[in-house]
Amino acid sequence: MFPLSDKLMVCFKEDRIQMLKIFLFCIRTVFLLAYRLWTCVSYLITKQTKAVRYQQTVKYENYPLSPLSMHRLSLVRRKVFVLDLDETLIHSNHDGVIRQANKPNIPPDFILRVTIERHPVRFFVHKRPFVDFFLDIVSQWYELVVFTASMEVYGAGVADKLDNNRGILKRRYYRQHCTPELGSYTKDLSAITGDLSNIFILDNSPGAYKGYPDNAIPIKSWFCDQSDTALLGLLPVLDALRFTHDVRSVLSRKLHLHRL
């Protein structure tokens with residue numbers, strides 16, 4: 001048998017170990033709560049910052065046309081502007097597929113809930129900076145058409161959100177209207193109109209319009225960079241393009257960009 005003093009020492013050590021475990025547990029709990037609180041605060045700050053950014057006044061001076069410009073515009077047909085969705089106007093990811101490390105660290109602009117092959121799927125959709133302003137301006141100049149290689153159930157939902165009951169994105173084409181080619185999809189602009197002098201497409205994928213390089217405006221793929229201003233940078237060109245008789249006379253000069 002252990003002497004009484006030895007028993008007391010053993011009990012004392014066990015108490016110290018138990019107290020140390022309790023202390024470490026408390027420290028861990030405090031750090032965990034602090035981390036969750038910081039995550040919540042960061043989310044709210046990011047969301048508010050994003051809201052303020054979108055509420056800032058964005059100006060592209062759309063001055064009234066002079067009589068001469070009005071006359072020139074009356075001599076040409078209203079053109080068709082075809083718009084891609086993913087990585088051009090928006091970026092999205094859906095739950096259960098994208099790795100956590102690759103997900104954007106900002107809240108989505110909207111969540112789209114769809115059913116694909118009897119399975120409910122949530123898409124977290126981010127709008128490219130200034131896309132609402134961009135669509136509002138170009139809808140005054142052109143007939144807008146959505147042409148996406150995505151499935152209709154998803155593309156229609158995204159287009160509805162971007163349209164926002166404005167009636168500017170009525171004509172839409174989806175994956176079933178594309179041509180499968182070597183694992184990708186090409187878009188046939190002649191299916192929209194037979195007059196190729198009067199139509200052009202904005203798309204981040206050169207393969208989508210490779211049959212119509214002279215009817216395309218390339219744009220860098222967008223993956224949630226909030227400092228992006230690509231859509232704003234296109235407005236001066238789009239403003240001028242509506243006065244041309246044949247869009248290819250202007251866009252064909254950008255062939256070097258397509259090769260890049």
# chains A, B, ... in the order shown; residues from 1 in each chain; ligands from 1

call {"tool": "residues_around", "arguments": {"residues": "Asp163 in chain A", "least_positions_apart": "6", "cutoff": "9 Å", "atoms": "only C-alpha atoms", "output": "PyMOL selection string"}}
result
chain A and resi 132+135+169-170

call {"tool": "residues_around", "arguments": {"residues": "range 212-217 of chain A", "least_positions_apart": "5", "cutoff": "7 Å", "atoms": "only C-alpha atoms", "output": "list of chain:residue names"}}
result
A:Ile199, A:Phe200, A:Ile201, A:Leu202, A:Asp203, A:Val247, A:Arg248, A:Leu251, A:Ser252

call {"tool": "atom_distance", "arguments": {"atom1": "CA of Leu83 in chain A", "atom2": "CA of Arg172 in chain A"}}
result
9.4 Å

call {"tool": "closest_residue", "arguments": {"among": "A:Ala208, A:Ala230, A:Ile27, A:Lys79", "to": "Trp141 in chain A", "atoms": "only C-alpha atoms"}}
result
A:Lys79

call {"tool": "atom_distance", "arguments": {"atom1": "CA of Ser66 in chain A", "atom2": "CA of Ser139 in chain A"}}
result
19.9 Å

call {"tool": "select_by_dssp", "arguments": {"residues": "range 83-206 of chain A", "states": "alpha helix (DSSP H)", "output": "VMD selection string"}}
result
chain A and resid 131 to 138 152 to 163

call {"tool": "residues_around", "arguments": {"residues": "Glu181 in chain A", "least_positions_apart": "3", "cutoff": "12 Å", "atoms": "only C-alpha atoms", "output": "PyMOL selection string"}}
result
chain A and resi 149+178+184-187+207-208+210-211

call {"tool": "write_last_selection", "arguments": {"atoms": "all heavy atoms", "output": "mmCIF file, in the first residue's frame"}}
result
data_model
loop_
_atom_site.group_PDB
_atom_site.id
_atom_site.type_symbol
_atom_site.label_atom_id
_atom_site.label_comp_id
_atom_site.auth_asym_id
_atom_site.auth_seq_id
_atom_site.Cartn_x
_atom_site.Cartn_y
_atom_site.Cartn_z
ATOM 1 N N ALA A 149 -24.247 28.195 -72.933
ATOM 2 C CA ALA A 149 -24.072 26.761 -73.115
ATOM 3 C C ALA A 149 -24.568 25.980 -71.906
ATOM 4 O O ALA A 149 -24.457 24.758 -71.865
ATOM 5 C CB ALA A 149 -22.602 26.439 -73.379
ATOM 6 N N CYS A 178 -26.867 24.878 -78.874
ATOM 7 C CA CYS A 178 -25.446 24.895 -79.208
ATOM 8 C C CYS A 178 -25.070 23.647 -80.011
ATOM 9 O O CYS A 178 -25.826 22.675 -80.082
ATOM 10 C CB CYS A 178 -24.600 24.946 -77.935
ATOM 11 S SG CYS A 178 -24.824 26.433 -76.920
ATOM 12 N N SER A 184 -16.766 20.705 -75.956
ATOM 13 C CA SER A 184 -17.242 22.065 -75.686
ATOM 14 C C SER A 184 -18.461 22.338 -76.566
ATOM 15 O O SER A 184 -18.963 21.451 -77.263
ATOM 16 C CB SER A 184 -16.137 23.090 -75.949
ATOM 17 O OG SER A 184 -15.738 23.039 -77.308
ATOM 18 N N TYR A 185 -18.914 23.581 -76.537
ATOM 19 C CA TYR A 185 -20.107 23.955 -77.294
ATOM 20 C C TYR A 185 -19.823 25.210 -78.109
ATOM 21 O O TYR A 185 -19.246 26.173 -77.604
ATOM 22 C CB TYR A 185 -21.291 24.210 -76.348
ATOM 23 C CG TYR A 185 -21.731 22.985 -75.584
ATOM 24 C CD1 TYR A 185 -21.210 22.707 -74.324
ATOM 25 C CD2 TYR A 185 -22.669 22.110 -76.123
ATOM 26 C CE1 TYR A 185 -21.620 21.582 -73.610
ATOM 27 C CE2 TYR A 185 -23.083 20.986 -75.421
ATOM 28 C CZ TYR A 185 -22.550 20.725 -74.174
ATOM 29 O OH TYR A 185 -22.958 19.613 -73.488
ATOM 30 N N THR A 186 -20.224 25.175 -79.376
ATOM 31 C CA THR A 186 -20.122 26.361 -80.216
ATOM 32 C C THR A 186 -21.509 26.948 -80.424
ATOM 33 O O THR A 186 -22.519 26.235 -80.362
ATOM 34 C CB THR A 186 -19.495 26.031 -81.583
ATOM 35 O OG1 THR A 186 -20.320 25.059 -82.249
ATOM 36 C CG2 THR A 186 -18.103 25.471 -81.403
ATOM 37 N N LYS A 187 -21.551 28.247 -80.671
ATOM 38 C CA LYS A 187 -22.827 28.960 -80.786
ATOM 39 C C LYS A 187 -23.013 29.462 -82.209
ATOM 40 O O LYS A 187 -22.152 30.178 -82.730
ATOM 41 C CB LYS A 187 -22.859 30.122 -79.780
ATOM 42 C CG LYS A 187 -22.695 29.650 -78.337
ATOM 43 C CD LYS A 187 -22.563 30.786 -77.340
ATOM 44 C CE LYS A 187 -22.363 30.256 -75.930
ATOM 45 N NZ LYS A 187 -22.214 31.348 -74.930
ATOM 46 N N GLY A 207 -13.804 29.655 -78.218
ATOM 47 C CA GLY A 207 -14.343 28.482 -78.880
ATOM 48 C C GLY A 207 -15.827 28.577 -79.150
ATOM 49 O O GLY A 207 -16.336 27.948 -80.090
ATOM 50 N N ALA A 208 -16.527 29.374 -78.368
ATOM 51 C CA ALA A 208 -17.975 29.483 -78.533
ATOM 52 C C ALA A 208 -18.341 30.196 -79.825
ATOM 53 O O ALA A 208 -19.377 29.920 -80.431
ATOM 54 C CB ALA A 208 -18.579 30.213 -77.339
ATOM 55 N N LYS A 210 -16.049 30.574 -82.537
ATOM 56 C CA LYS A 210 -14.944 30.409 -83.481
ATOM 57 C C LYS A 210 -15.405 30.404 -84.933
ATOM 58 O O LYS A 210 -14.620 30.662 -85.837
ATOM 59 C CB LYS A 210 -14.168 29.134 -83.169
ATOM 60 C CG LYS A 210 -14.887 27.838 -83.456
ATOM 61 C CD LYS A 210 -13.947 26.678 -83.167
ATOM 62 C CE LYS A 210 -14.557 25.349 -83.573
ATOM 63 N NZ LYS A 210 -13.613 24.235 -83.357
ATOM 64 N N GLY A 211 -16.690 30.137 -85.163
ATOM 65 C CA GLY A 211 -17.214 30.210 -86.519
ATOM 66 C C GLY A 211 -17.541 31.626 -86.953
ATOM 67 O O GLY A 211 -17.808 31.872 -88.135
#

call {"tool": "residues_around", "arguments": {"residues": "Asp109 in chain A", "least_positions_apart": "4", "cutoff": "7 Å", "atoms": "only C-alpha atoms", "output": "MDAnalysis selection string"}}
result
chainID A and resid 125:127

call {"tool": "residues_around", "arguments": {"residues": "Thr115 in chain A", "least_positions_apart": "2", "cutoff": "12 Å", "atoms": "only C-alpha atoms", "output": "VMD selection string"}}
result
chain A and resid 112 to 113 117 to 123 151 to 154 157

call {"tool": "closest_residue", "arguments": {"among": "A:Leu189, A:Val114, A:Leu231, A:Leu65", "to": "Asp136 in chain A", "atoms": "only C-alpha atoms"}}
result
A:Leu231

call {"tool": "closest_residue", "arguments": {"among": "A:Ser221, A:Ser227, A:Ser205, A:Ser197", "to": "Ser249 in chain A", "atoms": "only C-alpha atoms"}}
result
A:Ser197

call {"tool": "atom_distance", "arguments": {"atom1": "CA of Gly167 in chain A", "atom2": "CA of Leu144 in chain A"}}
result
10.0 Å

call {"tool": "decode", "arguments": {"residues": "range 165-183 of chain A", "atoms": "N, CA, C and O atoms", "output": "PDB file, in the first residue's frame"}}
result
ATOM      1  N   ASN A 165     -37.359  41.752 -64.204  1.00  0.00           N
ATOM      2  CA  ASN A 165     -38.679  42.248 -64.641  1.00  0.00           C
ATOM      3  C   ASN A 165     -38.603  43.487 -65.537  1.00  0.00           C
ATOM      4  O   ASN A 165     -39.585  44.224 -65.661  1.00  0.00           O
ATOM      5  N   ARG A 166     -37.448  43.706 -66.167  1.00  0.00           N
ATOM      6  CA  ARG A 166     -37.313  44.857 -67.068  1.00  0.00           C
ATOM      7  C   ARG A 166     -37.705  44.519 -68.507  1.00  0.00           C
ATOM      8  O   ARG A 166     -37.876  45.413 -69.331  1.00  0.00           O
ATOM      9  N   GLY A 167     -37.815  43.236 -68.812  1.00  0.00           N
ATOM     10  CA  GLY A 167     -38.197  42.816 -70.151  1.00  0.00           C
ATOM     11  C   GLY A 167     -37.137  43.064 -71.196  1.00  0.00           C
ATOM     12  O   GLY A 167     -37.454  43.254 -72.366  1.00  0.00           O
ATOM     13  N   ILE A 168     -35.852  43.021 -70.798  1.00  0.00           N
ATOM     14  CA  ILE A 168     -34.767  43.315 -71.747  1.00  0.00           C
ATOM     15  C   ILE A 168     -34.044  42.051 -72.204  1.00  0.00           C
ATOM     16  O   ILE A 168     -33.225  42.102 -73.118  1.00  0.00           O
ATOM     17  N   LEU A 169     -34.329  40.908 -71.561  1.00  0.00           N
ATOM     18  CA  LEU A 169     -33.672  39.653 -71.919  1.00  0.00           C
ATOM     19  C   LEU A 169     -34.720  38.604 -72.284  1.00  0.00           C
ATOM     20  O   LEU A 169     -34.768  37.513 -71.716  1.00  0.00           O
ATOM     21  N   LYS A 170     -35.553  38.930 -73.242  1.00  0.00           N
ATOM     22  CA  LYS A 170     -36.657  38.043 -73.608  1.00  0.00           C
ATOM     23  C   LYS A 170     -36.203  36.876 -74.475  1.00  0.00           C
ATOM     24  O   LYS A 170     -36.666  35.752 -74.307  1.00  0.00           O
ATOM     25  N   ARG A 171     -35.317  37.144 -75.432  1.00  0.00           N
ATOM     26  CA  ARG A 171     -34.864  36.085 -76.335  1.00  0.00           C
ATOM     27  C   ARG A 171     -33.684  35.347 -75.702  1.00  0.00           C
ATOM     28  O   ARG A 171     -32.686  35.954 -75.315  1.00  0.00           O
ATOM     29  N   ARG A 172     -33.816  34.013 -75.647  1.00  0.00           N
ATOM     30  CA  ARG A 172     -32.796  33.225 -74.957  1.00  0.00           C
ATOM     31  C   ARG A 172     -32.516  31.922 -75.697  1.00  0.00           C
ATOM     32  O   ARG A 172     -33.439  31.285 -76.220  1.00  0.00           O
ATOM     33  N   TYR A 173     -31.241  31.535 -75.703  1.00  0.00           N
ATOM     34  CA  TYR A 173     -30.806  30.286 -76.310  1.00  0.00           C
ATOM     35  C   TYR A 173     -29.943  29.553 -75.288  1.00  0.00           C
ATOM     36  O   TYR A 173     -29.138  30.172 -74.579  1.00  0.00           O
ATOM     37  N   TYR A 174     -30.106  28.221 -75.247  1.00  0.00           N
ATOM     38  CA  TYR A 174     -29.446  27.426 -74.207  1.00  0.00           C
ATOM     39  C   TYR A 174     -28.606  26.303 -74.818  1.00  0.00           C
ATOM     40  O   TYR A 174     -28.345  26.300 -76.019  1.00  0.00           O
ATOM     41  N   ARG A 175     -28.196  25.367 -73.972  1.00  0.00           N
ATOM     42  CA  ARG A 175     -27.307  24.294 -74.414  1.00  0.00           C
ATOM     43  C   ARG A 175     -27.872  23.523 -75.603  1.00  0.00           C
ATOM     44  O   ARG A 175     -27.117  23.145 -76.505  1.00  0.00           O
ATOM     45  N   GLN A 176     -29.175  23.305 -75.610  1.00  0.00           N
ATOM     46  CA  GLN A 176     -29.764  22.535 -76.707  1.00  0.00           C
ATOM     47  C   GLN A 176     -29.680  23.260 -78.042  1.00  0.00           C
ATOM     48  O   GLN A 176     -29.860  22.651 -79.097  1.00  0.00           O
ATOM     49  N   HIS A 177     -29.383  24.551 -78.010  1.00  0.00           N
ATOM     50  CA  HIS A 177     -29.236  25.321 -79.245  1.00  0.00           C
ATOM     51  C   HIS A 177     -27.774  25.414 -79.692  1.00  0.00           C
ATOM     52  O   HIS A 177     -27.493  25.984 -80.748  1.00  0.00           O
ATOM     53  N   CYS A 178     -26.867  24.878 -78.874  1.00  0.00           N
ATOM     54  CA  CYS A 178     -25.446  24.895 -79.208  1.00  0.00           C
ATOM     55  C   CYS A 178     -25.070  23.647 -80.011  1.00  0.00           C
ATOM     56  O   CYS A 178     -25.826  22.675 -80.082  1.00  0.00           O
ATOM     57  N   THR A 179     -23.879  23.682 -80.576  1.00  0.00           N
ATOM     58  CA  THR A 179     -23.349  22.540 -81.318  1.00  0.00           C
ATOM     59  C   THR A 179     -22.212  21.916 -80.515  1.00  0.00           C
ATOM     60  O   THR A 179     -21.181  22.567 -80.295  1.00  0.00           O
ATOM     61  N   PRO A 180     -22.369  20.657 -80.041  1.00  0.00           N
ATOM     62  CA  PRO A 180     -21.276  20.000 -79.306  1.00  0.00           C
ATOM     63  C   PRO A 180     -20.085  19.769 -80.215  1.00  0.00           C
ATOM     64  O   PRO A 180     -20.225  19.329 -81.348  1.00  0.00           O
ATOM     65  N   GLU A 181     -18.894  20.082 -79.687  1.00  0.00           N
ATOM     66  CA  GLU A 181     -17.693  19.912 -80.503  1.00  0.00           C
ATOM     67  C   GLU A 181     -16.483  19.721 -79.604  1.00  0.00           C
ATOM     68  O   GLU A 181     -16.063  20.636 -78.893  1.00  0.00           O
ATOM     69  N   LEU A 182     -15.952  18.485 -79.606  1.00  0.00           N
ATOM     70  CA  LEU A 182     -14.738  18.155 -78.855  1.00  0.00           C
ATOM     71  C   LEU A 182     -14.849  18.549 -77.384  1.00  0.00           C
ATOM     72  O   LEU A 182     -13.950  19.174 -76.808  1.00  0.00           O
ATOM     73  N   GLY A 183     -15.957  18.200 -76.768  1.00  0.00           N
ATOM     74  CA  GLY A 183     -16.134  18.447 -75.339  1.00  0.00           C
ATOM     75  C   GLY A 183     -16.570  19.844 -74.982  1.00  0.00           C
ATOM     76  O   GLY A 183     -16.711  20.160 -73.797  1.00  0.00           O
TER      77      GLY A 183
END
